[in-house]
Amino acid sequence: MPAVLRNTRYVIGAALFVAAALFLLVFANATSPLYDDMGGIDGTVFYFVGKSWYEGHLPYVELFDHKGPLTYLFNLVGYAITGNRYGVWGLEVVSLFVTLVFVYRTFRLKLTRLWSLALTILSLLMLTVTLEGGNLTEEYILPCLAASYYYSLRWILHHYDTDSSHLASTHCAWYSALYGLTFGVALMTRPTNAFGLVGPVLLIIIILLWHRRWRNIMANFMAGIAGLLIVTVPFVAYFHAHGALQDFWDAAFAFNFEYADTRVVSPLASLHDIMRWLKMYFPTWGVMLIALWGIIAGRGRVVHVYAFTAALPLALWFWRGAGYAHYGALALPLMAALFVSLHYIGSRGARSLTMARIAAYFIVILSLYCSASAAMTFRQSYRSSFDAFQDRPLWQHRVADCIDRTIGSDREQSILLYNIDPAVYELSNIFPGTKYF
């Protein structure tokens with residue numbers, strides 16, 4: 001047997017990479033080589049803006065969208081690699097692979113290799129509920145979130161005696177640099193993407209304040225600011241240099257404040273909406289319930305407080321936000337915190353262990369049900385599309401063919417498509433006649 005295969009880390013790493021690639025090959029229909037059409041309007045818009053940026057068009061000035069510039073840079077780099085959307089798919093695979101590695105490492109804080117690998121794959125399957133075609137802002141920040149959860153939870157576990165809550169040492173400033181970097185990525189994609197990290201960071205600050213680690217607090221504060229600036233300053237400088245700083249601010253921030261006010265919904269409108277909300281955001285409310293159980297039970301209370309504070313801001317956002325399924329992808333790394341909490345609950349005695357195991361089996365079954373249900377919905381939507389068109393080209397290609405016949409070889413004409421999937425611009429190789437495409 002080759003030495004590389006005898007190394008468990010390489011085998012597990014390879015398994016996670018293959019799992020990420022196969023998963024996105026099937027479900028990331030916005031960029032996957034498996035599909036001819038570009039599924040998912042948001043992912044298509046991000047790709048088109050990124051490609052246009054690569055070709056010399058300035059985001060926010062020549063093309064309007066209200067996400068942060070890192071969203072389009074991700075697509076620009078993907079397009080630059082392969083000259084088509086498949087490069088973006090490749091970057092998605094790398095991003096998801098890194099995410100899974102840190103999710104696995106978080107499971108490994110308390111669980112065996114086999115259980116950690118199995119539960120990491122289970123966490124991946126939960127993305128069938130929230131991926132919505134892929135190439136969305138949540139994917140870009142997931143590696144940073146997963147790494148931040150891992151290092152912050154490891155600090156909590158390693159530096160705390162969970163019975164006496166006695167602090168053993170200071171918090172590593174490099175971890176805070178990572179948290180700052182994560183907040184920077186959120187600002188440059190969508191600020192709400194970092195809500196799940198707010199609670200753990202505040203908990204760490206409170207712990208350091210309680211133990212009067214003033215110098216360590218200052219060192220961590222400076223490191224966090226440095227991480228934030230590393231991401232944000234290059235974009236601010238770039239748009240300032242191109243005279244587009246106001247356009248950048250108006251589209252990526254000011255517009256979103258107004259947008260957020262108009263997109264507040266209530267999941268209690270009907271029983272169907274409640275069930276849909278519970279399914280989409282299952283990891284978040286699951287973590288909260290298990291954490292509350294652990295807080296009441298007593299053992300490892302600080303760990304349960306950590307899990308609860310990580311899930312609470314996300315739950316509030318999901319509850320009062322626009323209700324899109326892809327928001328729930330942000331909770332993927334929290335699956336590990338959920339099972340770490342269960343581990344501490346089960347360590348209180350035989351009865352607690354039995355109850356924790358029952359809860360764990362229920363969570364696994366519910367996760368598999370949600371994943372299978374979402375996968376079947378995805379399959380049915382594509383089957384109906386293929387059945388409708390059979391041997392004919394998909395509708396996006398048919399509209400593009402119609403445009404080609406209309407304008408011929410003149411691609412400089414000012415054209416605006418009304419209420420049409422933006423993928424048609426890409427397929428027809430035309431640029432919209434207004435930035436509000």
# chains A, B, ... in the order shown; residues from 1 in each chain; ligands from 1
>>> select_by_dssp(residues="stretch 44-284 of chain A", states="strand (DSSP E or B)", output="list in words")
Pro59, Leu63, Tyr160, Asp161, His166 and Leu167 of chain A
>>> write_last_selection(atoms="all heavy atoms", output="PDB file, in the first residue's frame")
ATOM      1  N   PRO A  59     -17.915  47.289 -12.221  1.00  0.00           N
ATOM      2  CA  PRO A  59     -19.132  47.015 -11.422  1.00  0.00           C
ATOM      3  C   PRO A  59     -19.650  48.289 -10.761  1.00  0.00           C
ATOM      4  O   PRO A  59     -18.874  49.198 -10.445  1.00  0.00           O
ATOM      5  CB  PRO A  59     -18.638  46.004 -10.373  1.00  0.00           C
ATOM      6  CG  PRO A  59     -17.415  45.391 -10.965  1.00  0.00           C
ATOM      7  CD  PRO A  59     -16.777  46.459 -11.795  1.00  0.00           C
ATOM      8  N   LEU A  63     -22.553  48.181 -14.521  1.00  0.00           N
ATOM      9  CA  LEU A  63     -23.489  47.096 -14.218  1.00  0.00           C
ATOM     10  C   LEU A  63     -23.890  47.197 -12.753  1.00  0.00           C
ATOM     11  O   LEU A  63     -23.029  47.205 -11.868  1.00  0.00           O
ATOM     12  CB  LEU A  63     -22.852  45.730 -14.486  1.00  0.00           C
ATOM     13  CG  LEU A  63     -22.620  45.353 -15.952  1.00  0.00           C
ATOM     14  CD1 LEU A  63     -21.767  44.097 -16.033  1.00  0.00           C
ATOM     15  CD2 LEU A  63     -23.937  45.149 -16.674  1.00  0.00           C
ATOM     16  N   TYR A 160     -10.516  26.252  28.846  1.00  0.00           N
ATOM     17  CA  TYR A 160     -11.512  26.315  29.911  1.00  0.00           C
ATOM     18  C   TYR A 160     -11.716  24.961  30.557  1.00  0.00           C
ATOM     19  O   TYR A 160     -11.848  23.951  29.893  1.00  0.00           O
ATOM     20  CB  TYR A 160     -12.856  26.794  29.351  1.00  0.00           C
ATOM     21  CG  TYR A 160     -13.215  28.195  29.792  1.00  0.00           C
ATOM     22  CD1 TYR A 160     -12.759  29.275  29.087  1.00  0.00           C
ATOM     23  CD2 TYR A 160     -13.964  28.414  30.944  1.00  0.00           C
ATOM     24  CE1 TYR A 160     -13.062  30.557  29.488  1.00  0.00           C
ATOM     25  CE2 TYR A 160     -14.267  29.681  31.356  1.00  0.00           C
ATOM     26  CZ  TYR A 160     -13.817  30.751  30.636  1.00  0.00           C
ATOM     27  OH  TYR A 160     -14.112  32.024  31.041  1.00  0.00           O
ATOM     28  N   ASP A 161     -11.769  24.956  31.853  1.00  0.00           N
ATOM     29  CA  ASP A 161     -12.267  23.797  32.588  1.00  0.00           C
ATOM     30  C   ASP A 161     -13.771  23.996  32.679  1.00  0.00           C
ATOM     31  O   ASP A 161     -14.250  24.907  33.342  1.00  0.00           O
ATOM     32  CB  ASP A 161     -11.650  23.758  33.987  1.00  0.00           C
ATOM     33  CG  ASP A 161     -12.130  22.562  34.786  1.00  0.00           C
ATOM     34  OD1 ASP A 161     -13.345  22.284  34.760  1.00  0.00           O
ATOM     35  OD2 ASP A 161     -11.293  21.912  35.433  1.00  0.00           O
ATOM     36  N   HIS A 166     -12.635  28.055  34.720  1.00  0.00           N
ATOM     37  CA  HIS A 166     -11.379  28.722  35.061  1.00  0.00           C
ATOM     38  C   HIS A 166     -10.548  28.936  33.794  1.00  0.00           C
ATOM     39  O   HIS A 166     -10.217  27.998  33.093  1.00  0.00           O
ATOM     40  CB  HIS A 166     -10.590  27.876  36.054  1.00  0.00           C
ATOM     41  CG  HIS A 166      -9.222  28.427  36.351  1.00  0.00           C
ATOM     42  ND1 HIS A 166      -9.026  29.584  37.068  1.00  0.00           N
ATOM     43  CD2 HIS A 166      -7.994  27.985  36.000  1.00  0.00           C
ATOM     44  CE1 HIS A 166      -7.732  29.825  37.160  1.00  0.00           C
ATOM     45  NE2 HIS A 166      -7.088  28.872  36.520  1.00  0.00           N
ATOM     46  N   LEU A 167     -10.215  30.185  33.532  1.00  0.00           N
ATOM     47  CA  LEU A 167      -9.444  30.510  32.337  1.00  0.00           C
ATOM     48  C   LEU A 167      -7.988  30.095  32.510  1.00  0.00           C
ATOM     49  O   LEU A 167      -7.359  30.395  33.527  1.00  0.00           O
ATOM     50  CB  LEU A 167      -9.525  32.015  32.055  1.00  0.00           C
ATOM     51  CG  LEU A 167      -8.910  32.480  30.733  1.00  0.00           C
ATOM     52  CD1 LEU A 167      -9.701  31.910  29.561  1.00  0.00           C
ATOM     53  CD2 LEU A 167      -8.895  33.996  30.663  1.00  0.00           C
TER      54      LEU A 167
END
>>> select_by_dssp(residues="stretch 128-220 of chain A", states="helix (DSSP H, G or I)", output="ChimeraX atom specification")
/A:128-130,137-159,173-187,191-210,214-220
>>> residues_around(residues="A:Ala329", least_positions_apart="3", cutoff="8 Å", atoms="only C-alpha atoms", output="PyMOL selection string")
chain A and resi 127+130-131+138-139+325-326+332
>>> closest_atom_pairs(of="stretch 220-319 of chain A", to="stretch 338-348 of chain A", cutoff="8 Å", atoms="only C-alpha atoms", output="tab-separated table")
residue	atom	partner	partner_atom	distance
A:Gly286	CA	A:Leu338	CA	7.4
A:Val287	CA	A:Leu338	CA	5.0
A:Ile290	CA	A:Leu338	CA	6.7
A:Ala291	CA	A:Ser341	CA	6.4
A:Gly294	CA	A:Ile345	CA	5.8
A:Ala297	CA	A:Ile345	CA	7.1
A:Arg299	CA	A:Tyr344	CA	6.4
A:Gly300	CA	A:Tyr344	CA	5.9
A:Val303	CA	A:Ser341	CA	6.7
A:His304	CA	A:Ser341	CA	5.8
A:Ala307	CA	A:Leu338	CA	7.0
>>> closest_residue(among="A:Val231, A:Ala252, A:Ala241, A:Ala194", to="A:Ala177", atoms="only C-alpha atoms")
A:Val231
>>> atom_distance(atom1="atom CA of A:Asn135", atom2="atom CA of A:Ser371")
19.2 Å
>>> atom_distance(atom1="atom CA of A:Tyr238", atom2="atom CA of A:Glu55")
16.3 Å
>>> residues_around(residues="A:Tyr151", least_positions_apart="5", cutoff="10 Å", atoms="only C-alpha atoms", output="NGL selection string")
:A and (102 or 105-106 or 146 or 156-157 or 172 or 174-176 or 178-179)
>>> atom_distance(atom1="atom CA of A:Val236", atom2="atom CA of A:Asn84")
27.5 Å
>>> closest_residue(among="A:Glu132, A:Asp247, A:Glu426, A:Asp401", to="A:Gly40", atoms="only C-alpha atoms")
A:Glu132
>>> residues_around(residues="stretch 30-35 of chain A", least_positions_apart="3", cutoff="7 Å", atoms="only C-alpha atoms", output="PyMOL selection string")
chain A and resi 24-25+38-40+43-44+85-86+88-89+133-135
>>> closest_residue(among="A:His158, A:Lys279, A:Arg351, A:Lys435", to="A:Tyr369", atoms="only C-alpha atoms")
A:Lys279
>>> closest_residue(among="A:Pro432, A:Leu73, A:Thr120, A:Ala360", to="A:Tyr140", atoms="only C-alpha atoms")
A:Leu73
